[in-house]
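Okay, work.cif is below, mmCIF, C-alpha atoms (C1' of nucleotides):
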data_structure
loop_
_atom_site.label_atom_id
_atom_site.label_comp_id
_atom_site.auth_asym_id
_atom_site.auth_seq_id
_atom_site.Cartn_x
_atom_site.Cartn_y
_atom_site.Cartn_z
CA MET A 27 -27.43 -31.22 67.57
CA PHE A 28 -25.21 -32.25 64.67
CA ARG A 29 -21.98 -31.65 66.47
CA LEU A 30 -18.87 -33.70 67.01
CA SER A 31 -18.42 -34.45 70.70
CA ARG A 32 -15.24 -33.33 72.38
CA GLY A 33 -14.54 -36.93 73.29
CA ALA A 34 -14.47 -37.95 69.65
CA GLU A 35 -12.46 -34.88 68.75
CA TYR A 36 -9.85 -35.83 71.33
CA ALA A 37 -9.83 -39.43 70.14
CA ILE A 38 -9.08 -38.22 66.65
CA ARG A 39 -6.27 -36.01 67.87
CA GLY A 40 -4.83 -38.88 69.88
CA LEU A 41 -4.91 -41.32 67.00
CA LEU A 42 -3.44 -38.69 64.72
CA TYR A 43 -0.57 -38.22 67.12
CA LEU A 44 0.14 -41.94 67.15
CA ALA A 45 -0.13 -42.10 63.38
CA MET A 46 2.57 -39.45 63.11
CA GLN A 47 5.06 -41.32 65.30
CA PRO A 48 7.67 -43.69 63.89
CA GLU A 49 6.09 -47.12 63.60
CA GLY A 50 5.98 -49.10 66.82
CA LYS A 51 7.01 -46.20 69.01
CA ILE A 52 5.25 -46.18 72.35
CA SER A 53 3.74 -42.84 73.35
CA PHE A 54 2.37 -42.09 76.74
CA ILE A 55 -0.69 -40.16 77.66
CA GLU A 56 1.00 -37.12 79.11
CA GLU A 57 3.06 -36.60 75.99
CA ILE A 58 -0.01 -36.86 73.77
CA SER A 59 -2.17 -34.70 76.01
CA ILE A 60 0.37 -31.87 75.91
CA ALA A 61 0.99 -32.07 72.18
CA GLN A 62 -2.69 -32.25 71.33
CA GLU A 63 -3.97 -29.92 74.05
CA VAL A 64 -6.29 -32.39 75.71
CA PRO A 65 -6.84 -32.74 79.48
CA LYS A 66 -4.65 -35.65 80.54
CA ALA A 67 -7.11 -37.57 82.71
CA TYR A 68 -9.81 -37.30 80.10
CA LEU A 69 -7.49 -38.44 77.35
CA ALA A 70 -6.53 -41.44 79.47
CA LYS A 71 -10.15 -42.46 79.69
CA ILE A 72 -10.61 -41.99 75.99
CA PHE A 73 -7.62 -44.17 75.22
CA GLN A 74 -9.11 -46.92 77.32
CA THR A 75 -12.13 -47.07 75.09
CA LEU A 76 -9.88 -46.85 72.04
CA GLY A 77 -8.07 -49.85 73.49
CA LYS A 78 -11.26 -51.83 74.03
CA LYS A 79 -12.36 -51.10 70.49
CA GLY A 80 -9.07 -52.46 69.22
CA PHE A 81 -7.49 -49.35 67.76
CA VAL A 82 -4.60 -49.09 70.19
CA LYS A 83 -2.55 -51.48 72.28
CA SER A 84 -1.38 -50.50 75.73
CA TYR A 85 1.70 -51.25 77.79
CA ARG A 86 1.71 -50.77 81.52
CA GLY A 87 4.44 -49.83 83.88
CA PRO A 88 7.24 -47.34 83.38
CA ASP A 89 7.97 -46.78 79.70
CA GLY A 90 4.42 -47.96 79.14
CA GLY A 91 2.01 -46.24 76.81
CA PHE A 92 0.10 -46.73 73.62
CA VAL A 93 0.70 -47.83 70.05
CA LEU A 94 -1.63 -48.28 67.11
CA THR A 95 -2.66 -51.91 66.64
CA LYS A 96 -3.18 -51.55 62.90
CA PRO A 97 -1.70 -49.48 60.11
CA ALA A 98 -2.97 -45.90 60.21
CA SER A 99 -4.24 -46.35 56.68
CA GLU A 100 -6.76 -48.88 57.94
CA ILE A 101 -8.34 -46.53 60.48
CA SER A 102 -10.87 -44.16 59.02
CA LEU A 103 -12.07 -40.95 60.58
CA LEU A 104 -15.48 -42.56 60.92
CA ASP A 105 -13.95 -45.45 62.86
CA ALA A 106 -12.48 -43.05 65.37
CA ILE A 107 -15.72 -41.15 65.81
CA GLU A 108 -17.92 -44.19 66.12
CA ALA A 109 -15.53 -45.69 68.64
CA LEU A 110 -16.54 -42.95 71.02
CA GLU A 111 -19.99 -41.91 69.94
CA GLY A 112 -21.38 -45.20 68.71
CA PRO A 113 -22.96 -45.63 65.29
CA ILE A 114 -24.05 -42.46 63.52
CA HIS A 115 -27.59 -42.03 62.32
CA PHE A 116 -28.85 -38.56 61.64
CA ASN A 117 -32.42 -39.51 62.34
CA ASP A 118 -34.07 -42.40 64.14
CA CYS A 119 -35.69 -43.56 60.93
CA LEU A 120 -32.20 -44.44 59.67
CA ILE A 121 -31.42 -46.83 62.51
CA HIS A 122 -32.60 -49.72 60.43
CA GLU A 123 -35.12 -50.55 57.75
CA GLY A 124 -38.61 -50.59 59.19
CA TYR A 125 -37.68 -48.87 62.43
CA CYS A 126 -40.01 -45.97 61.77
CA HIS A 127 -43.64 -46.76 61.02
CA ARG A 128 -44.05 -43.43 59.24
CA ASP A 129 -41.68 -44.48 56.47
CA GLU A 130 -44.44 -45.42 54.07
CA MET A 131 -45.79 -41.89 54.02
CA CYS A 132 -42.80 -39.80 55.15
CA PRO A 133 -40.88 -38.10 52.34
CA ILE A 134 -38.01 -36.97 54.55
CA HIS A 135 -36.54 -40.38 55.19
CA ASP A 136 -34.96 -40.52 51.75
CA VAL A 137 -33.45 -37.08 52.08
CA TRP A 138 -31.80 -38.04 55.34
CA MET A 139 -30.56 -41.20 53.76
CA THR A 140 -28.70 -39.39 50.98
CA ALA A 141 -27.46 -36.63 53.28
CA GLN A 142 -26.07 -39.18 55.67
CA LYS A 143 -24.48 -41.21 52.90
CA GLN A 144 -22.72 -38.13 51.53
CA PHE A 145 -21.46 -37.29 54.96
CA LEU A 146 -20.29 -40.78 55.86
CA SER A 147 -18.52 -41.20 52.54
CA VAL A 148 -16.28 -38.27 53.38
CA LEU A 149 -15.46 -39.73 56.78
CA THR A 150 -14.81 -43.26 55.53
CA GLY A 151 -12.72 -41.86 52.71
CA THR A 152 -10.33 -40.24 55.14
CA ASN A 153 -7.85 -42.37 57.05
CA PHE A 154 -5.09 -41.51 59.45
CA THR A 155 -2.28 -41.89 56.94
CA ILE A 156 -3.91 -39.20 54.86
CA LEU A 157 -4.41 -37.00 57.91
CA ALA A 158 -0.85 -37.49 59.13
CA GLU A 159 0.50 -36.55 55.73
CA ALA A 160 -1.71 -33.47 55.57
CA ALA A 161 -0.51 -32.47 59.03
CA ARG A 162 3.12 -32.78 57.91
CA VAL A 163 2.46 -30.55 54.93
CA LYS A 164 0.76 -27.96 57.13
CA ALA A 165 3.61 -28.03 59.62
CA ALA A 166 6.13 -27.49 56.81
CA LYS A 167 4.18 -24.50 55.54
CA LYS A 168 4.10 -23.05 59.01
CA THR A 169 7.88 -23.20 59.45
CA ASP A 170 8.23 -21.68 56.00
CA ARG A 171 6.10 -18.75 57.08
CA LEU A 172 8.17 -18.32 60.21
CA LYS A 173 11.44 -18.37 58.27
CA GLU A 174 10.12 -15.80 55.85
CA ALA A 175 9.04 -13.54 58.66
CA LYS A 176 12.44 -13.82 60.30
CA CYS A 177 14.11 -13.06 56.96
CA LYS A 178 12.15 -9.83 56.57
CA GLN A 179 13.15 -8.76 60.06
CA ASN A 180 16.84 -8.66 59.13
CA MET C 3 -23.99 -36.56 68.66
CA PHE C 4 -24.87 -35.94 65.00
CA ARG C 5 -28.55 -36.37 65.48
CA LEU C 6 -31.59 -34.37 64.47
CA SER C 7 -33.40 -33.13 67.56
CA ARG C 8 -37.01 -34.11 68.03
CA GLY C 9 -37.91 -30.46 68.07
CA ALA C 10 -36.53 -29.93 64.59
CA GLU C 11 -38.10 -33.17 63.39
CA TYR C 12 -41.49 -31.96 64.60
CA ALA C 13 -40.97 -28.56 63.01
CA ILE C 14 -40.32 -30.26 59.70
CA ARG C 15 -43.45 -32.37 60.02
CA GLY C 16 -45.49 -29.32 60.88
CA LEU C 17 -44.23 -27.28 57.95
CA LEU C 18 -44.74 -30.26 55.66
CA TYR C 19 -48.34 -30.49 56.80
CA LEU C 20 -48.94 -26.84 56.04
CA ALA C 21 -47.21 -27.18 52.69
CA MET C 22 -49.64 -29.93 51.76
CA GLN C 23 -52.74 -27.89 52.52
CA PRO C 24 -54.54 -25.81 49.90
CA GLU C 25 -52.90 -22.41 49.77
CA GLY C 26 -54.01 -20.02 52.47
CA LYS C 27 -55.90 -22.62 54.44
CA ILE C 28 -55.57 -22.14 58.17
CA SER C 29 -54.65 -25.25 60.12
CA PHE C 30 -54.75 -25.45 63.87
CA ILE C 31 -52.33 -27.13 66.18
CA GLU C 32 -54.51 -30.02 67.27
CA GLU C 33 -55.18 -31.02 63.70
CA ILE C 34 -51.50 -30.96 62.84
CA SER C 35 -50.44 -32.72 66.01
CA ILE C 36 -52.80 -35.61 65.33
CA ALA C 37 -51.90 -35.93 61.68
CA GLN C 38 -48.18 -35.75 62.31
CA GLU C 39 -48.12 -37.62 65.60
CA VAL C 40 -46.56 -34.89 67.68
CA PRO C 41 -47.51 -34.00 71.28
CA LYS C 42 -49.88 -31.08 70.98
CA ALA C 43 -48.43 -28.78 73.63
CA TYR C 44 -44.93 -29.31 72.35
CA LEU C 45 -45.96 -28.65 68.80
CA ALA C 46 -47.61 -25.43 69.93
CA LYS C 47 -44.34 -24.27 71.41
CA ILE C 48 -42.47 -25.21 68.27
CA PHE C 49 -44.89 -23.25 66.11
CA GLN C 50 -44.28 -20.22 68.23
CA THR C 51 -40.63 -20.27 67.36
CA LEU C 52 -41.49 -20.96 63.73
CA GLY C 53 -43.67 -17.86 63.94
CA LYS C 54 -40.90 -15.73 65.41
CA LYS C 55 -38.52 -16.91 62.70
CA GLY C 56 -41.02 -15.83 60.08
CA PHE C 57 -42.00 -19.16 58.56
CA VAL C 58 -45.61 -19.16 59.68
CA LYS C 59 -48.26 -16.60 60.45
CA SER C 60 -50.73 -17.16 63.25
CA TYR C 61 -54.38 -16.27 63.81
CA ARG C 62 -55.91 -16.28 67.27
CA GLY C 63 -59.38 -17.05 68.45
CA PRO C 64 -61.80 -19.71 67.23
CA ASP C 65 -60.98 -20.77 63.67
CA GLY C 66 -57.49 -19.49 64.41
CA GLY C 67 -54.37 -21.37 63.49
CA PHE C 68 -51.33 -21.22 61.27
CA VAL C 69 -50.46 -20.63 57.64
CA LEU C 70 -47.16 -20.52 55.80
CA THR C 71 -45.92 -16.97 55.29
CA LYS C 72 -43.96 -17.78 52.16
CA PRO C 73 -44.28 -20.27 49.34
CA ALA C 74 -43.25 -23.76 50.39
CA SER C 75 -40.70 -23.74 47.62
CA GLU C 76 -38.80 -21.00 49.41
CA ILE C 77 -38.39 -22.90 52.65
CA SER C 78 -35.55 -25.37 52.63
CA LEU C 79 -35.12 -28.30 54.95
CA LEU C 80 -32.09 -26.55 56.37
CA ASP C 81 -34.18 -23.47 57.15
CA ALA C 82 -36.57 -25.56 59.19
CA ILE C 83 -33.80 -27.28 61.12
CA GLU C 84 -31.83 -24.16 61.85
CA ALA C 85 -34.98 -22.39 63.00
CA LEU C 86 -35.02 -24.75 65.95
CA GLU C 87 -31.45 -25.82 66.43
CA GLY C 88 -29.59 -22.70 65.41
CA PRO C 89 -26.80 -22.69 62.86
CA ILE C 90 -25.18 -26.03 62.11
CA HIS C 91 -21.46 -26.52 62.45
CA PHE C 92 -20.14 -30.02 62.80
CA ASN C 93 -17.09 -28.90 64.70
CA ASP C 94 -16.18 -25.74 66.57
CA CYS C 95 -13.40 -25.00 64.10
CA LEU C 96 -16.10 -24.39 61.49
CA ILE C 97 -17.85 -21.66 63.44
CA HIS C 98 -15.85 -19.04 61.60
CA GLU C 99 -12.44 -18.54 60.03
CA GLY C 100 -9.79 -18.22 62.71
CA TYR C 101 -11.98 -19.48 65.54
CA CYS C 102 -9.66 -22.39 66.25
CA HIS C 103 -6.01 -21.62 66.85
CA ARG C 104 -5.06 -25.15 65.87
CA ASP C 105 -6.14 -24.57 62.29
CA GLU C 106 -2.64 -23.89 61.04
CA MET C 107 -1.47 -27.37 62.01
CA CYS C 108 -4.71 -29.34 62.18
CA PRO C 109 -5.44 -31.46 59.10
CA ILE C 110 -8.97 -32.35 60.15
CA HIS C 111 -10.48 -28.92 59.69
CA ASP C 112 -10.61 -29.30 55.92
CA VAL C 113 -12.22 -32.69 56.11
CA TRP C 114 -14.97 -31.34 58.30
CA MET C 115 -15.44 -28.47 55.93
CA THR C 116 -16.09 -30.69 52.93
CA ALA C 117 -18.21 -33.13 54.92
CA GLN C 118 -20.38 -30.31 56.19
CA LYS C 119 -20.69 -28.73 52.77
CA GLN C 120 -21.85 -32.01 51.27
CA PHE C 121 -24.38 -32.40 54.03
CA LEU C 122 -25.72 -28.87 53.89
CA SER C 123 -26.04 -28.95 50.12
CA VAL C 124 -28.52 -31.81 50.42
CA LEU C 125 -30.55 -29.92 52.99
CA THR C 126 -30.57 -26.64 51.13
CA GLY C 127 -31.44 -28.45 47.93
CA THR C 128 -34.63 -29.81 49.43
CA ASN C 129 -37.61 -27.53 49.91
CA PHE C 130 -41.11 -28.14 51.13
CA THR C 131 -42.70 -28.20 47.71
CA ILE C 132 -40.47 -31.10 46.82
CA LEU C 133 -41.24 -32.81 50.09
CA ALA C 134 -44.98 -32.30 49.75
CA GLU C 135 -44.92 -33.74 46.26
CA ALA C 136 -42.89 -36.74 47.41
CA ALA C 137 -45.37 -37.28 50.23
CA ARG C 138 -48.26 -37.26 47.77
CA VAL C 139 -46.55 -39.85 45.63
CA LYS C 140 -45.90 -42.04 48.63
CA ALA C 141 -49.50 -41.72 49.78
CA ALA C 142 -50.73 -42.70 46.33
CA LYS C 143 -48.52 -45.77 46.33
CA LYS C 144 -49.87 -46.73 49.69
CA THR C 145 -53.50 -46.61 48.59
CA ASP C 146 -52.51 -48.60 45.53
CA ARG C 147 -51.09 -51.27 47.76
CA LEU C 148 -54.24 -51.31 49.84
CA LYS C 149 -56.47 -51.60 46.79
CA GLU C 150 -54.40 -54.43 45.45
CA ALA C 151 -54.60 -56.26 48.75
CA LYS C 152 -58.35 -55.81 48.85
CA CYS C 153 -58.61 -57.00 45.24
CA LYS C 154 -56.82 -60.23 46.07
CA GLN C 155 -59.15 -60.80 48.99
CA ASN C 156 -62.15 -61.03 46.73
"C1'" DA B 20 10.97 -51.42 97.10
"C1'" DT B 21 10.09 -47.66 94.32
"C1'" DT B 22 8.29 -45.50 90.64
"C1'" DA B 23 5.97 -44.63 86.39
"C1'" DA B 24 2.63 -45.80 83.78
"C1'" DT B 25 -2.19 -47.84 82.55
"C1'" DC B 26 -7.04 -49.83 84.29
"C1'" DG B 27 -11.46 -49.39 86.01
"C1'" DG B 28 -14.91 -47.15 87.73
"C1'" DA B 29 -17.19 -43.86 90.79
"C1'" DC B 30 -18.40 -39.27 90.94
"C1'" DT B 31 -19.87 -34.52 89.51
"C1'" DA B 32 -21.31 -29.97 87.51
"C1'" DA B 33 -23.28 -28.01 83.73
"C1'" DC B 34 -26.05 -28.12 79.91
"C1'" DA B 35 -29.38 -29.92 76.40
"C1'" DT B 36 -33.55 -32.34 75.49
"C1'" DG B 37 -38.29 -33.12 75.39
"C1'" DG B 38 -41.62 -32.25 77.26
"C1'" DT B 39 -45.94 -30.37 80.56
"C1'" DC B 40 -48.70 -26.81 82.69
"C1'" DT B 41 -50.77 -22.40 83.59
"C1'" DC B 42 -52.47 -18.16 82.67
"C1'" DA B 43 -53.11 -14.32 79.50
"C1'" DA B 44 -54.64 -12.42 75.13
"C1'" DT B 45 -57.43 -12.59 71.09
"C1'" DT B 46 -61.51 -13.29 68.40
"C1'" DA B 47 -65.66 -15.73 66.28
"C1'" DT B 48 -70.26 -16.90 67.48
"C1'" DC B 49 -74.56 -17.02 69.95
"C1'" DG H 7 -71.73 -9.38 76.44
"C1'" DA H 8 -70.76 -14.12 77.67
"C1'" DT H 9 -68.66 -18.12 76.07
"C1'" DA H 10 -65.58 -20.94 73.88
"C1'" DA H 11 -61.70 -21.91 70.97
"C1'" DT H 12 -57.56 -20.81 69.73
"C1'" DT H 13 -52.60 -18.92 70.07
"C1'" DG H 14 -48.75 -16.42 73.22
"C1'" DA H 15 -45.44 -16.40 76.70
"C1'" DG H 16 -43.02 -18.41 79.89
"C1'" DA H 17 -42.27 -21.08 84.16
"C1'" DC H 18 -41.25 -25.57 85.39
"C1'" DC H 19 -39.39 -30.31 85.44
"C1'" DA H 20 -37.40 -35.04 84.66
"C1'" DT H 21 -34.06 -37.25 82.20
"C1'" DG H 22 -29.96 -37.88 79.58
"C1'" DT H 23 -25.56 -36.37 77.72
"C1'" DT H 24 -21.22 -34.13 78.03
"C1'" DA H 25 -16.93 -33.22 79.69
"C1'" DG H 26 -14.58 -33.89 82.76
"C1'" DT H 27 -12.08 -35.17 87.76
"C1'" DC H 28 -10.43 -38.31 91.15
"C1'" DC H 29 -8.94 -42.36 93.42
"C1'" DG H 30 -7.39 -46.81 94.24
"C1'" DA H 31 -5.71 -51.05 91.85
"C1'" DT H 32 -2.58 -53.23 88.71
"C1'" DT H 33 1.51 -53.88 86.09
"C1'" DA H 34 6.30 -53.80 85.11
"C1'" DA H 35 11.10 -51.55 84.71
"C1'" DT H 36 14.88 -50.26 87.59
#
In structure tokens, write the structure found in this file.
Amino acid sequence: MFRLSRGAEYAIRGLLYLAMQPEGKISFIEEISIAQEVPKAYLAKIFQTLGKKGFVKSYRGPDGGFVLTKPASEISLLDAIEALEGPIHFNDCLIHEGYCHRDEMCPIHDVWMTAQKQFLSVLTGTNFTILAEAARVKAAKKTDRLKEAKCKQN
Amino acid sequence: MFRLSRGAEYAIRGLLYLAMQPEGKISFIEEISIAQEVPKAYLAKIFQTLGKKGFVKSYRGPDGGFVLTKPASEISLLDAIEALEGPIHFNDCLIHEGYCHRDEMCPIHDVWMTAQKQFLSVLTGTNFTILAEAARVKAAKKTDRLKEAKCKQN
DNA sequence: ATTAATCGGACTAACATGGTCTCAATTATC
DNA sequence: GATAATTGAGACCATGTTAGTCCGATTAAT
């Protein structure tokens, strides 16, 4: 179906939220779920898998929560997606060399290969420092727009 | 899940088969299903949707079957896929401008946009004449390999 | 102890996928 | 005109995936 799953989408939002916090600050699920508009219980489950995959570290008990285990710059968008969806391969024939016995006559294999490479290169080229920065810029623009609107009112 | 559906895969194989036939030659489902290793009944269903979408024309009765309605060069890989899967958008926010209210603060939208563009450009840049030609080349190489192997035997 | 948080997993409803099967319609051939 | 070969339309079904919810257990700060 060529669609990002909601689970992966939410994982990305969650990691982005953490990436935008001051370093080392513990955030808890409820906080993130509200800010990022994700159902709390679902987000909790997602963060468990993010924990198992080594992207976040958790603290239990009151004042518990989650922190990134590595610098945001070392987590790519692809990492986040594959953490939830598993490895991406557009077509079965791309799973590994020799998987598909039709390879020797099938001309489509190569097309998929390049399409997938193009796609993956965009995702690996984007990390959460970049995303966090882009989010900050967007937020600034938004407040600018609001100010301007208020100015016109008066 | 970022995966091509089997249905679309089979549609591609079917169209490729037709594209490789002499122009105007009618092929019937059983023939195609055997050559392309697709379950016959399923392929029949797929060709009905390909017919409705205007890619193939059908003839009933004995000696009936299917033919391409337009030159293979005018059918892109994307056309074939979207005929079965509907329009491709990697993420909901790409459905149309303004669909997602988070756009104004979400930094990921733009990444998806470029990733999808890259991907689609590969698929639109590949048509069935290209594929058919590539298949012929591959087939030739295969027979070469076989000949060589036979030569060594003697 | 209480309370606030994660951990782990069971559970579920809805939908998508990948088919099969049947019967009807069409048409070439004998 | 009967027969046989083909597509047309759609009902049907088993399985898997998605997008969650819910609950009880665990951990730790106060």
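Among the candidate residues H:DA25, H:DG7, H:DG16, H:DT33, the one lying nearest to chain C is H:DG16, with distances computed using all atoms listed in the file.
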Inset, instruction - Write out as number ranges by chain which residues come within 12 Å of DA29 in chain B when counting only C-alpha atoms (C1' of nucleotides), dropping same-chain ones fewer than 4 positions away. - result: H: 27-30
Show me, as a short mmCIF file (atom, residue, chain, number, x, y, z; two decimals) with C-alpha atoms (C1' of nucleotides), in the frame of the given file, the residues that have an atom within 12 Å of Gln50 in chain C when counting only C-alpha atoms (C1' of nucleotides), minus same-chain residues fewer than 3 positions from it.
data_model
loop_
_atom_site.label_atom_id
_atom_site.label_comp_id
_atom_site.auth_asym_id
_atom_site.auth_seq_id
_atom_site.Cartn_x
_atom_site.Cartn_y
_atom_site.Cartn_z
CA ALA C 13 -40.97 -28.56 63.01
CA GLY C 16 -45.49 -29.32 60.88
CA ILE C 31 -52.33 -27.13 66.18
CA ALA C 43 -48.43 -28.78 73.63
CA TYR C 44 -44.93 -29.31 72.35
CA LEU C 45 -45.96 -28.65 68.80
CA ALA C 46 -47.61 -25.43 69.93
CA LYS C 47 -44.34 -24.27 71.41
CA GLY C 53 -43.67 -17.86 63.94
CA LYS C 54 -40.90 -15.73 65.41
CA LYS C 55 -38.52 -16.91 62.70
CA GLY C 56 -41.02 -15.83 60.08
CA PHE C 57 -42.00 -19.16 58.56
CA VAL C 58 -45.61 -19.16 59.68
CA LYS C 59 -48.26 -16.60 60.45
CA SER C 60 -50.73 -17.16 63.25
CA TYR C 61 -54.38 -16.27 63.81
CA GLY C 67 -54.37 -21.37 63.49
CA PHE C 68 -51.33 -21.22 61.27
CA ALA C 85 -34.98 -22.39 63.00
CA LEU C 86 -35.02 -24.75 65.95
"C1'" DT H 13 -52.60 -18.92 70.07
"C1'" DG H 14 -48.75 -16.42 73.22
"C1'" DA H 15 -45.44 -16.40 76.70
"C1'" DG H 16 -43.02 -18.41 79.89
#
Inset, instruction - Please indicate the distance in Å from CA of Met22 in chain C to CA of Pro41 in chain C, rounded to one decimal place. - result: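 One can read the CA of Met22 in chain C to CA of Pro41 in chain C distance as 20.1 Å.
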Pull out every residue of chain C that has at least one atom within 7 Å of chain B, counting all atoms listed in the file, and report them as a CSV table (one decimal) with C-alpha atoms, in the coordinates of the input.
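Wrote result_18.csv, looks like this:
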chain,number,residue,atom,x,y,z
C,44,TYR,CA,-44.9,-29.3,72.4
C,62,ARG,CA,-55.9,-16.3,67.3
C,63,GLY,CA,-59.4,-17.0,68.4
C,64,PRO,CA,-61.8,-19.7,67.2
Inset, instruction - Provide the CA of Met131 in chain A to CA of Ile34 in chain C distance in Å, to one decimal place. - result: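 Taking CA of Met131 in chain A as the start and CA of Ile34 in chain C as the end point, the length is 15.2 Å.
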Legend entry - Atom pair CA of Ser123 in chain C / CA of Glu106 in chain C: separation (Å): 26.3 Å
Inset, instruction - Up to 6 Å from chain C, what residues of chain A turn up? Count only C-alpha atoms and give them as a ChimeraX atom specification. - result: /A:27-30,116-117,131,133,141,145,148,157,160-161,164-165
Inset, instruction - Spell out the residues picked by the PyMOL selection byres ((chain H) within 7 of (chain A)) here, as a VMD selection string. - result: chain H and resid 26 33 to 35
Legend entry - Long-range neighbours of Pro24 in chain C as a list in words, 12 Å cut-off, all atoms listed in the file, 5 positions minimum in chain: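 Using all atoms listed in the file, the neighbours found are Tyr19, Ser29, Val69, Leu70, Pro73, Ala74 and Ala134 of chain C.
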Can I get the selected residues back with C-alpha atoms, as a PDB file, keeping the file's coordinate frame?
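This is the output file part13.pdb:
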ATOM      1  CA  TYR C  19     -48.340 -30.490  56.800  1.00  0.00           C
ATOM      2  CA  SER C  29     -54.650 -25.250  60.120  1.00  0.00           C
ATOM      3  CA  VAL C  69     -50.460 -20.630  57.640  1.00  0.00           C
ATOM      4  CA  LEU C  70     -47.160 -20.520  55.800  1.00  0.00           C
ATOM      5  CA  PRO C  73     -44.280 -20.270  49.340  1.00  0.00           C
ATOM      6  CA  ALA C  74     -43.250 -23.760  50.390  1.00  0.00           C
ATOM      7  CA  ALA C 134     -44.980 -32.300  49.750  1.00  0.00           C
TER       8      ALA C 134
END
What are the centre and edge lengths in Å, to one decimal, of the axis-aligned box around all listed atoms of range 165-179 of chain A with 4 Å added on each side, as JSON?
{"center_x": 8.9, "center_y": -18.4, "center_z": 57.9, "size_x": 18.5, "size_y": 27.3, "size_z": 12.8}
